[in-house]
>>> print(open('structure.cif').read())   # mmCIF, C-alpha atoms and all ligand atoms
data_run
loop_
_atom_site.label_atom_id
_atom_site.label_comp_id
_atom_site.auth_asym_id
_atom_site.auth_seq_id
_atom_site.Cartn_x
_atom_site.Cartn_y
_atom_site.Cartn_z
CA MET A 1 -72.23 140.27 20.22
CA ALA A 2 -73.08 142.90 17.68
CA SER A 3 -70.87 141.21 15.13
CA ALA A 4 -72.28 137.74 15.78
CA LYS A 5 -74.23 136.41 12.87
CA PRO A 6 -77.77 135.43 13.64
CA ARG A 7 -78.43 131.74 13.30
CA LEU A 8 -81.66 129.93 12.75
CA GLY A 9 -80.46 126.77 14.44
CA LEU A 10 -82.50 124.77 11.97
CA GLY A 11 -82.09 121.09 11.42
CA ARG A 12 -80.14 120.60 14.63
CA VAL A 13 -81.38 118.05 17.11
CA ASP A 14 -80.17 120.11 20.04
CA GLY A 15 -79.61 123.31 18.17
CA PRO A 16 -79.88 126.73 19.75
CA ALA A 17 -83.26 128.38 19.69
CA ILE A 18 -83.62 131.96 18.55
CA ALA A 19 -84.92 134.33 21.22
CA GLY A 20 -85.96 131.45 23.41
CA VAL A 21 -88.25 130.02 20.80
CA PRO A 22 -87.96 126.25 20.59
CA VAL A 23 -87.05 124.93 17.18
CA ARG A 24 -88.60 121.64 16.23
CA SER A 25 -86.07 118.97 16.96
CA ALA A 26 -84.94 116.01 14.97
CA GLN A 27 -86.54 117.22 11.75
CA ARG A 28 -84.63 116.63 8.61
CA VAL A 29 -85.06 119.06 5.81
CA THR A 30 -85.35 117.42 2.46
CA SER A 31 -86.84 118.36 -0.84
CA GLY A 32 -89.68 116.03 0.05
CA ALA A 33 -90.44 118.02 3.18
CA PHE A 34 -94.05 118.44 2.16
CA THR A 35 -94.71 115.01 3.61
CA GLN A 36 -93.98 116.48 7.04
CA ILE A 37 -96.54 119.24 6.98
CA SER A 38 -100.25 118.96 7.54
CA GLN A 39 -102.98 118.88 4.95
CA THR A 40 -104.17 122.16 6.44
CA GLN A 41 -100.83 123.76 5.70
CA ILE A 42 -100.83 122.38 2.18
CA ASN A 43 -104.26 123.92 1.69
CA GLN A 44 -102.96 127.23 2.98
CA ILE A 45 -99.99 127.11 0.65
CA LYS A 46 -102.40 126.43 -2.17
CA GLU A 47 -104.50 129.41 -1.08
CA SER A 48 -101.51 131.72 -0.90
CA PHE A 49 -100.42 130.59 -4.35
CA THR A 50 -103.89 131.28 -5.68
CA MET A 51 -103.77 134.70 -4.05
CA LEU A 52 -100.46 135.47 -5.74
CA ASP A 53 -101.64 134.06 -9.04
CA ASN A 54 -103.72 137.09 -9.79
CA ASP A 55 -104.95 136.00 -13.22
CA ARG A 56 -105.56 132.41 -12.08
CA ASP A 57 -103.64 130.71 -14.87
CA GLY A 58 -101.66 128.43 -12.54
CA VAL A 59 -98.39 130.31 -12.94
CA ILE A 60 -97.00 133.24 -10.98
CA SER A 61 -95.86 135.58 -13.70
CA ARG A 62 -94.27 139.01 -13.91
CA GLU A 63 -97.72 140.58 -14.06
CA ASP A 64 -98.85 138.66 -10.99
CA LEU A 65 -95.79 139.86 -9.06
CA GLU A 66 -96.49 143.43 -10.11
CA GLN A 67 -100.07 143.17 -8.85
CA MET A 68 -98.88 141.65 -5.57
CA LEU A 69 -96.28 144.35 -4.93
CA THR A 70 -98.71 147.09 -5.86
CA SER A 71 -101.21 145.68 -3.39
CA LEU A 72 -98.47 145.87 -0.73
CA GLY A 73 -98.18 149.58 -1.45
CA GLN A 74 -95.06 149.37 -3.55
CA MET A 75 -94.49 150.74 -7.00
CA PRO A 76 -92.14 148.20 -8.56
CA SER A 77 -90.13 149.51 -11.48
CA SER A 78 -89.86 147.55 -14.67
CA GLN A 79 -86.22 146.95 -13.78
CA THR A 80 -87.13 145.53 -10.36
CA LEU A 81 -89.66 143.17 -11.91
CA ASP A 82 -87.16 142.05 -14.54
CA SER A 83 -84.63 141.38 -11.83
CA MET A 84 -87.11 139.42 -9.72
CA MET A 85 -88.23 137.29 -12.64
CA SER A 86 -84.66 136.58 -13.68
CA THR A 87 -83.77 135.47 -10.14
CA LEU A 88 -86.84 133.31 -10.10
CA GLY A 89 -85.55 131.66 -13.26
CA SER A 90 -88.92 131.24 -14.88
CA PRO A 91 -92.59 131.80 -14.20
CA LEU A 92 -93.34 129.99 -10.97
CA GLN A 93 -95.61 126.96 -11.02
CA PHE A 94 -97.35 125.45 -8.01
CA PRO A 95 -95.21 122.29 -7.48
CA VAL A 96 -92.05 124.38 -7.12
CA TYR A 97 -93.82 126.81 -4.82
CA LEU A 98 -95.26 123.99 -2.70
CA THR A 99 -91.87 122.31 -2.29
CA ALA A 100 -90.21 125.58 -1.33
CA MET A 101 -92.89 126.65 1.13
CA SER A 102 -93.14 123.16 2.63
CA SER A 103 -89.41 122.96 3.21
CA ILE A 104 -89.54 126.13 5.24
CA LEU A 105 -92.83 125.49 7.01
CA ALA A 106 -91.78 121.99 8.08
CA GLN A 107 -89.29 123.65 10.40
CA PHE A 108 -91.70 125.87 12.27
CA ALA A 109 -94.65 124.92 14.45
CA SER A 110 -96.43 128.25 14.18
CA ARG A 111 -96.47 131.67 12.62
CA GLU A 112 -94.90 133.06 15.80
CA GLU A 113 -91.96 130.69 15.49
CA LEU A 114 -91.35 131.64 11.90
CA VAL A 115 -91.66 135.36 12.58
CA ASN A 116 -89.40 135.11 15.63
CA ALA A 117 -86.74 133.17 13.79
CA PHE A 118 -86.81 135.49 10.78
CA SER A 119 -86.81 138.59 12.97
CA ALA A 120 -83.26 137.70 14.04
CA PHE A 121 -82.33 138.81 10.52
CA ASP A 122 -84.27 142.06 10.86
CA ASP A 123 -81.60 144.44 12.12
CA ASP A 124 -83.75 147.56 12.28
CA ASP A 125 -86.88 145.77 13.45
CA ASN A 126 -89.12 147.06 10.69
CA GLY A 127 -90.52 143.77 9.43
CA ALA A 128 -87.99 143.39 6.63
CA ALA A 129 -85.15 140.90 7.00
CA ASP A 130 -81.94 140.63 5.02
CA VAL A 131 -82.55 138.13 2.22
CA GLU A 132 -78.91 137.28 1.65
CA GLU A 133 -78.31 136.28 5.27
CA LEU A 134 -81.60 134.38 5.51
CA ARG A 135 -80.88 132.53 2.28
CA GLU A 136 -77.45 131.59 3.60
CA ALA A 137 -78.95 130.28 6.85
CA LEU A 138 -81.68 128.29 5.11
CA VAL A 139 -79.27 126.84 2.55
CA GLY A 140 -77.08 125.91 5.52
CA SER A 141 -80.02 123.99 6.95
CA GLY A 142 -80.47 121.96 3.78
CA LEU A 143 -82.69 123.96 1.43
CA LYS A 144 -81.73 124.78 -2.13
CA ALA A 145 -81.13 128.43 -2.94
CA GLU A 146 -83.68 128.20 -5.77
CA GLU A 147 -86.31 126.93 -3.34
CA VAL A 148 -85.64 129.74 -0.91
CA ASP A 149 -85.81 132.31 -3.69
CA ALA A 150 -89.01 130.85 -5.10
CA CYS A 151 -90.62 131.09 -1.70
CA PHE A 152 -89.34 134.56 -0.87
CA LYS A 153 -89.69 136.33 -4.17
CA PRO A 154 -93.25 137.61 -3.86
CA PHE A 155 -92.29 139.17 -0.54
CA VAL A 156 -88.96 140.74 -1.45
CA ARG A 157 -88.42 144.44 -1.87
CA TYR A 158 -85.26 146.35 -2.67
CA THR A 159 -83.92 148.86 -0.17
CA MET A 160 -80.59 150.61 -0.63
CA GLY A 161 -79.60 148.06 -3.23
CA ARG A 162 -80.21 145.10 -0.93
CA GLU A 163 -82.98 142.53 -1.00
CA ARG A 164 -85.22 142.61 2.06
CA LEU A 165 -87.87 140.02 2.90
CA LEU A 166 -91.26 141.14 4.23
CA TYR A 167 -91.34 138.08 6.45
CA LYS A 168 -94.46 139.06 8.34
CA GLU A 169 -96.38 139.28 5.09
CA LEU A 170 -94.97 135.87 4.17
CA ALA A 171 -96.04 134.40 7.52
CA GLU A 172 -99.47 136.01 7.31
CA SER A 173 -100.06 134.50 3.92
CA ILE A 174 -99.28 130.90 4.79
CA ILE A 175 -99.74 129.93 8.43
CA ILE A 176 -102.77 130.10 10.68
CA CA B 201 -100.71 134.03 -13.22
#
>>> encode(input="structure.cif", output="structure tokens", more="lines below")
Ligand SMILES: [Ca+2]
Amino acid sequence: MASAKPRLGLGRVDGPAIAGVPVRSAQRVTSGAFTQISQTQINQIKESFTMLDNDRDGVISREDLEQMLTSLGQMPSSQTLDSMMSTLGSPLQFPVYLTAMSSILAQFASREELVNAFSAFDDDDNGAADVEELREALVGSGLKAEEVDACFKPFVRYTMGRERLLYKELAESIII
């Protein structure tokens, strides 16, 4: 079992649930997934974007990311920030962020579900999951890699040369 890859079981009508947590059934993941989430969730996504957009100019920039990481107790190097911004492709605007967050949120009924599903990718149980494996699982369930990265980026840190997602921080920021 140790070599078995964790699976999210997303987008499957009768797919396996992670750790006994039911996954919403019969939901299709599309780029228009925001139509499947509630107005409350959209408002929360807007709030989290505003929180990340430190200088309130409507775009999450390199400086905003730096502020965010610093507030999480990290000291991002210039190189780390460059790398994050280059993965992101460009400064992040709200529509892209909303689409990405919605696509992920549409698959989970609660913060607990999201945290439980993501924790399957957290080998050492320290609140940081492997980004590469999560990205692969989410892309496998129908999301675009760019959407996943846009959603994750503010919550990614680099450990031993690998990207790790602070998924609890992500969940805290977006779901009641
Ligand atoms: Ca900004």
>>> closest_residue(input="structure.cif", among="A:Ser61, A:Gln79, A:Gln39, A:Thr159", to="ligand CA 201 (chain B)", atoms="all atoms listed in the file")
A:Ser61
>>> atom_distance(input="structure.cif", atom1="atom CA of A:Ile104", atom2="atom CA of A:Met75")
27.9 Å
>>> residues_near_ligand(input="structure.cif", ligand="ligand CA 201 (chain B)", cutoff="12 Å", atoms="only C-alpha atoms and all ligand atoms", output="MDAnalysis selection string")
chainID A and resid 49:68 91:94
>>> write_last_selection(input="structure.cif", atoms="C-alpha atoms", output="short mmCIF file (atom, residue, chain, number, x, y, z; two decimals), in the coordinates of the input")
data_model
loop_
_atom_site.label_atom_id
_atom_site.label_comp_id
_atom_site.auth_asym_id
_atom_site.auth_seq_id
_atom_site.Cartn_x
_atom_site.Cartn_y
_atom_site.Cartn_z
CA PHE A 49 -100.42 130.59 -4.35
CA THR A 50 -103.89 131.28 -5.68
CA MET A 51 -103.77 134.70 -4.05
CA LEU A 52 -100.46 135.47 -5.74
CA ASP A 53 -101.64 134.06 -9.04
CA ASN A 54 -103.72 137.09 -9.79
CA ASP A 55 -104.95 136.00 -13.22
CA ARG A 56 -105.56 132.41 -12.08
CA ASP A 57 -103.64 130.71 -14.87
CA GLY A 58 -101.66 128.43 -12.54
CA VAL A 59 -98.39 130.31 -12.94
CA ILE A 60 -97.00 133.24 -10.98
CA SER A 61 -95.86 135.58 -13.70
CA ARG A 62 -94.27 139.01 -13.91
CA GLU A 63 -97.72 140.58 -14.06
CA ASP A 64 -98.85 138.66 -10.99
CA LEU A 65 -95.79 139.86 -9.06
CA GLU A 66 -96.49 143.43 -10.11
CA GLN A 67 -100.07 143.17 -8.85
CA MET A 68 -98.88 141.65 -5.57
CA PRO A 91 -92.59 131.80 -14.20
CA LEU A 92 -93.34 129.99 -10.97
CA GLN A 93 -95.61 126.96 -11.02
CA PHE A 94 -97.35 125.45 -8.01
#
>>> residues_around(input="structure.cif", residues="A:Ser173", least_positions_apart="2", cutoff="6 Å", atoms="only C-alpha atoms", output="VMD selection string")
chain A and resid 48 170 to 171
>>> residues_around(input="structure.cif", residues="stretch 146-156 of chain A", least_positions_apart="6", cutoff="10 Å", atoms="only C-alpha atoms", output="count of residues only")
45
>>> atom_distance(input="structure.cif", atom1="atom CA of A:Thr80", atom2="atom CA of A:Arg157")
8.7 Å
>>> closest_residue(input="structure.cif", among="A:Leu105, A:Ala120, A:Ala145, A:Val115", to="A:Ser38", atoms="all atoms listed in the file")
A:Leu105
>>> atom_distance(input="structure.cif", atom1="atom CA of A:Glu112", atom2="atom CA of A:Gly142")
21.8 Å
>>> closest_residue(input="structure.cif", among="A:Arg111, A:Thr70, A:Asn43, A:Gly161", to="A:Glu132", atoms="only C-alpha atoms")
A:Gly161
